[in-house]
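Q: Quick one: the structure is below, questions incoming.
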Amino acid sequence: MKKLRQLPLRQLERHLTRYLQPNPASPPLYKTSFSNRPKLKSNPICTRGYSTTAISASDLLFGQPVHETHPHLLAPAELTPGITAQEYHERRAALCQSLPPDSAVLLPAATLKYRSGAVFYPFRQESNFFYLTGFSEPDSLAVLRRTGDELGDYTFHLYCRPKDPKAEQWSGPWSGVDAARDVWNADEAGDIGRAENLLADALKGVERIFTDAELTKYGTPTKFGNLVRAAAGNTSTLPLKSHINVLRAVKSPAEIANMRHAGRESGRALTEAMRQPWKSEKELAAFLDYQYQVSGLDGQAYIPVVAGGSKALLIHYVLNNGTLNDSEFVLVDAGGEYGTYITDITRTWPVSGKFSPPQKDLYNAVLRAQRSSVSLCRASANVTLDKLHQITENALRDQLQQLGFDVSGDALGVLFPHHVGHYVGLDVHDVPGYPRNVVLKEGHCVTVEPGVYVPDDERWPKAFRGLGIRIEDSVCVGGENPLVLTTEAVKEVDDIEALRS
């Protein structure tokens with residue numbers, strides 16, 4: 001197989017000219033200095049003229065951190081934390097090679113979501129767009145065009161907002177067209193406002209378009225659907241999901257390192273939370289969010305579950321506004337993210353710091369099943385997530401029977417109503433649509449999260465009624481051994497109790 005070319009990391013001489021001088025017809029006045037970027041193999045497509053006056057790249061403003069402006073967040077050659085421009089290039093190359101000849105991929109960026117009126121949520125890029133580009137701005141469109149049979153035979157088009165100092169004064173900086181080419185390494189970049197014309201040129205000769213974007217809604221073409229129709233006529237469109245899921249499901253060493261970092265710091269935050277007495281769910285949730293931020297994570301990966309007492313029986317209880325009582329458990333399903341990669345952890349512990357005998361017995365039953373299933377997260381075990389669920393369910397059945405539970409009939413469906421695990425990565429439930437009947441192999445990252453939720457009725461032993469317990473770790477599948485990404489969150493009874501001693 002032909003070796004994949006290294007991707008050139010380009011300088012920003014043209015970007016700075018337009019940033020400081022909105023009139024593109026004006027002669028270039030400035031040149032950026034990027035001496036700390038590694039010099040990779042050059043690409044003759046990207047040869048440009050240079051202007052003469054140097055200025056520090058750290059004086060520029062972009063729509064997201066780059067190494068030159070945020071060296072405390074990004075190492076040289078990284079486009080996003082932990083992930084280099086070369087890795088993004090390799091992802092695009094692998095995707096394009098997996099598609100038929102004369103194919104193209106269309107990836108519209110996510111849109112800014114509004115909470116109410118003019119109040120918006122923090123922007124979060126669409127996961128596939130982010131996975132292939134590292135570009136974290138709305139109002140953008142990425143196009144990948146397969147151009148040949150060798151690995152790396154593709155062109156990358158990125159259309160985004162051009163620099164606009166007046167608009168950016170109100171909305172904050174964005175990166176602009178030249179940065180799309182010079183930082184994010186697009187072969188062709190353009191103004192998103194001219195997308196119809198640009199897309200028509202990019203798609204000439206294309207026989208198949210792969211996209212998961214919504215082209216119609218309730219039988220009516222969407223705005224994006226109209227754009228595609230105008231640019232590509234009756235070119236057939238096919239789902240992208242199955243092709244990109246195969247790539248995203250198996251994590252690279254850099255992705256695993258990001259997830260390990262998120263798991264490490266999130267686990268430490270949970271262990272620190274166990275040390276302290278809490279009077280309310282809200283305070284505990286706020287403490288975890290704060291710990292994620294001060295530890296260097298991006299923040300929380302999802303709205304946490306902080307469920308005191310019988311509210312733990314509600315799988316996705318997120319109101320987090322109740323009081324916590326010393327006689328009860330608190331179930332916390334929470335995790336942080338780093339570089340947009342998430343961790344997913346659940347721990348259950350007694351609010352008082354000391355297990356009662358029934359609490360300890362039921363907790364250890366769940367823990368034994370969880371430990372056994374985690375140990376099978378290795379390629380040599382030859383299991384799928386579905387098989388792992390069956391194994392976990394059988395282990396819980398045996399454990400609960402020893403505690404006096406009647407496990408006949410639909411008992412396990414009532415006591416353990418969810419699947420034991422899901423894939424994790426850029427999304428909490430990663431690669432949606434990727435089946436759970438795929439044999440786990442090295443690089444798959446999954447959760448293992450058995451739980452027992454005992455309703456308060458006479459069918460179940462009295463001592464355990466109203467108890468809800470879930471123990472969850474994020475785990476990366478290894479060849480012979482699992483890599484537990486969240487091991488810093490303690491889970492043994494003795495370790496939890498020792499935190500308050």
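The chains in the structure tokens are called A, B, ... from first to last as shown; in each chain the residues are counted from 1, and the ligands are counted from 1 in the order shown.
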Please provide as a list in words all residues within 9 Å of region 93-95 of chain A, with the sequence filter that same-chain residues fewer than 3 positions apart are discarded (counting only C-alpha atoms).
A: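 Contacts, in chain order: Leu4, Tyr88, His89, Glu90, Ser98, Leu99, Leu132, Arg146, Leu151, Gly152, Asp153, Tyr154, His243, Ile244 and Leu247 of chain A.
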Q: Identify, with DSSP run on backbone atoms, the residues in region 61-134 of chain A assigned to strand (DSSP E), and express the list as a PyMOL selection string.
A: chain A and resi 78-80+83-84+103-108+114-116+119-120
Q: Residues within 12 Å of Leu238 (chain A), please, as a PyMOL selection string. Count only C-alpha atoms; anything in the same chain fewer than 2 positions from it doesn't count.
A: chain A and resi 99-100+103-106+207-215+235-236+240-243
Q: Compare A:Glu472, A:Glu283, A:Asp430, A:Asp495 by their minimum atom-to-atom distance to Arg248 (chain A), counting only C-alpha atoms, and give me the closest one.
A: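 Looking at the shortest contact to Arg248 (chain A), the residue is A:Asp430.
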Q: For the helix (DSSP H, G or I) assignment from backbone DSSP, which residues of region 209-439 of chain A qualify? Please present them as a PyMOL selection string.
A: chain A and resi 223-232+241-249+253-275+281-294+309-313+357-374+379-381+385-402+411-415
Q: For Gly309 (chain A), list every protein, DNA or RNA residue within 9 Å, evaluated using only C-alpha atoms, and leave out those in the same chain fewer than 2 positions away; present the list as a PyMOL selection string.
A: chain A and resi 307+311-313+324-325+327-331+466-468
Q: Next, dump the selected residues to file, keeping only C-alpha atoms, as a compact mmCIF listing (two decimals), in the first residue's frame.
A:
# COMPACT_ATOMS: atom_id res chain seq x y z
CA ALA A 307 -29.90 11.12 42.71
CA LYS A 311 -34.64 8.81 43.02
CA ALA A 312 -31.76 6.56 41.95
CA LEU A 313 -34.43 4.25 40.51
CA LEU A 324 -29.50 14.17 50.73
CA ASN A 325 -30.15 12.07 53.82
CA SER A 327 -29.42 6.98 55.79
CA GLU A 328 -29.56 6.80 52.00
CA PHE A 329 -27.37 6.21 48.98
CA VAL A 330 -26.52 8.89 46.46
CA LEU A 331 -26.06 7.74 42.85
CA GLY A 466 -36.00 1.54 47.31
CA LEU A 467 -32.26 1.03 46.78
CA GLY A 468 -30.76 2.00 43.45
Q: To one decimal place in Å, what is the distance between CA of Leu112 (chain A) and CA of Gly172 (chain A)?
A: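 Here the two named atoms are 13.8 Å from each other.
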Q: Let me make sure I understand: among A:Arg368, A:Arg378, A:His157, A:Lys354, which one has the smallest atom-to-atom distance to Arg92 (chain A) if we use only C-alpha atoms?
A: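 Among A:Arg368, A:Arg378, A:His157, A:Lys354, it is A:His157 that comes nearest to Arg92 (chain A).
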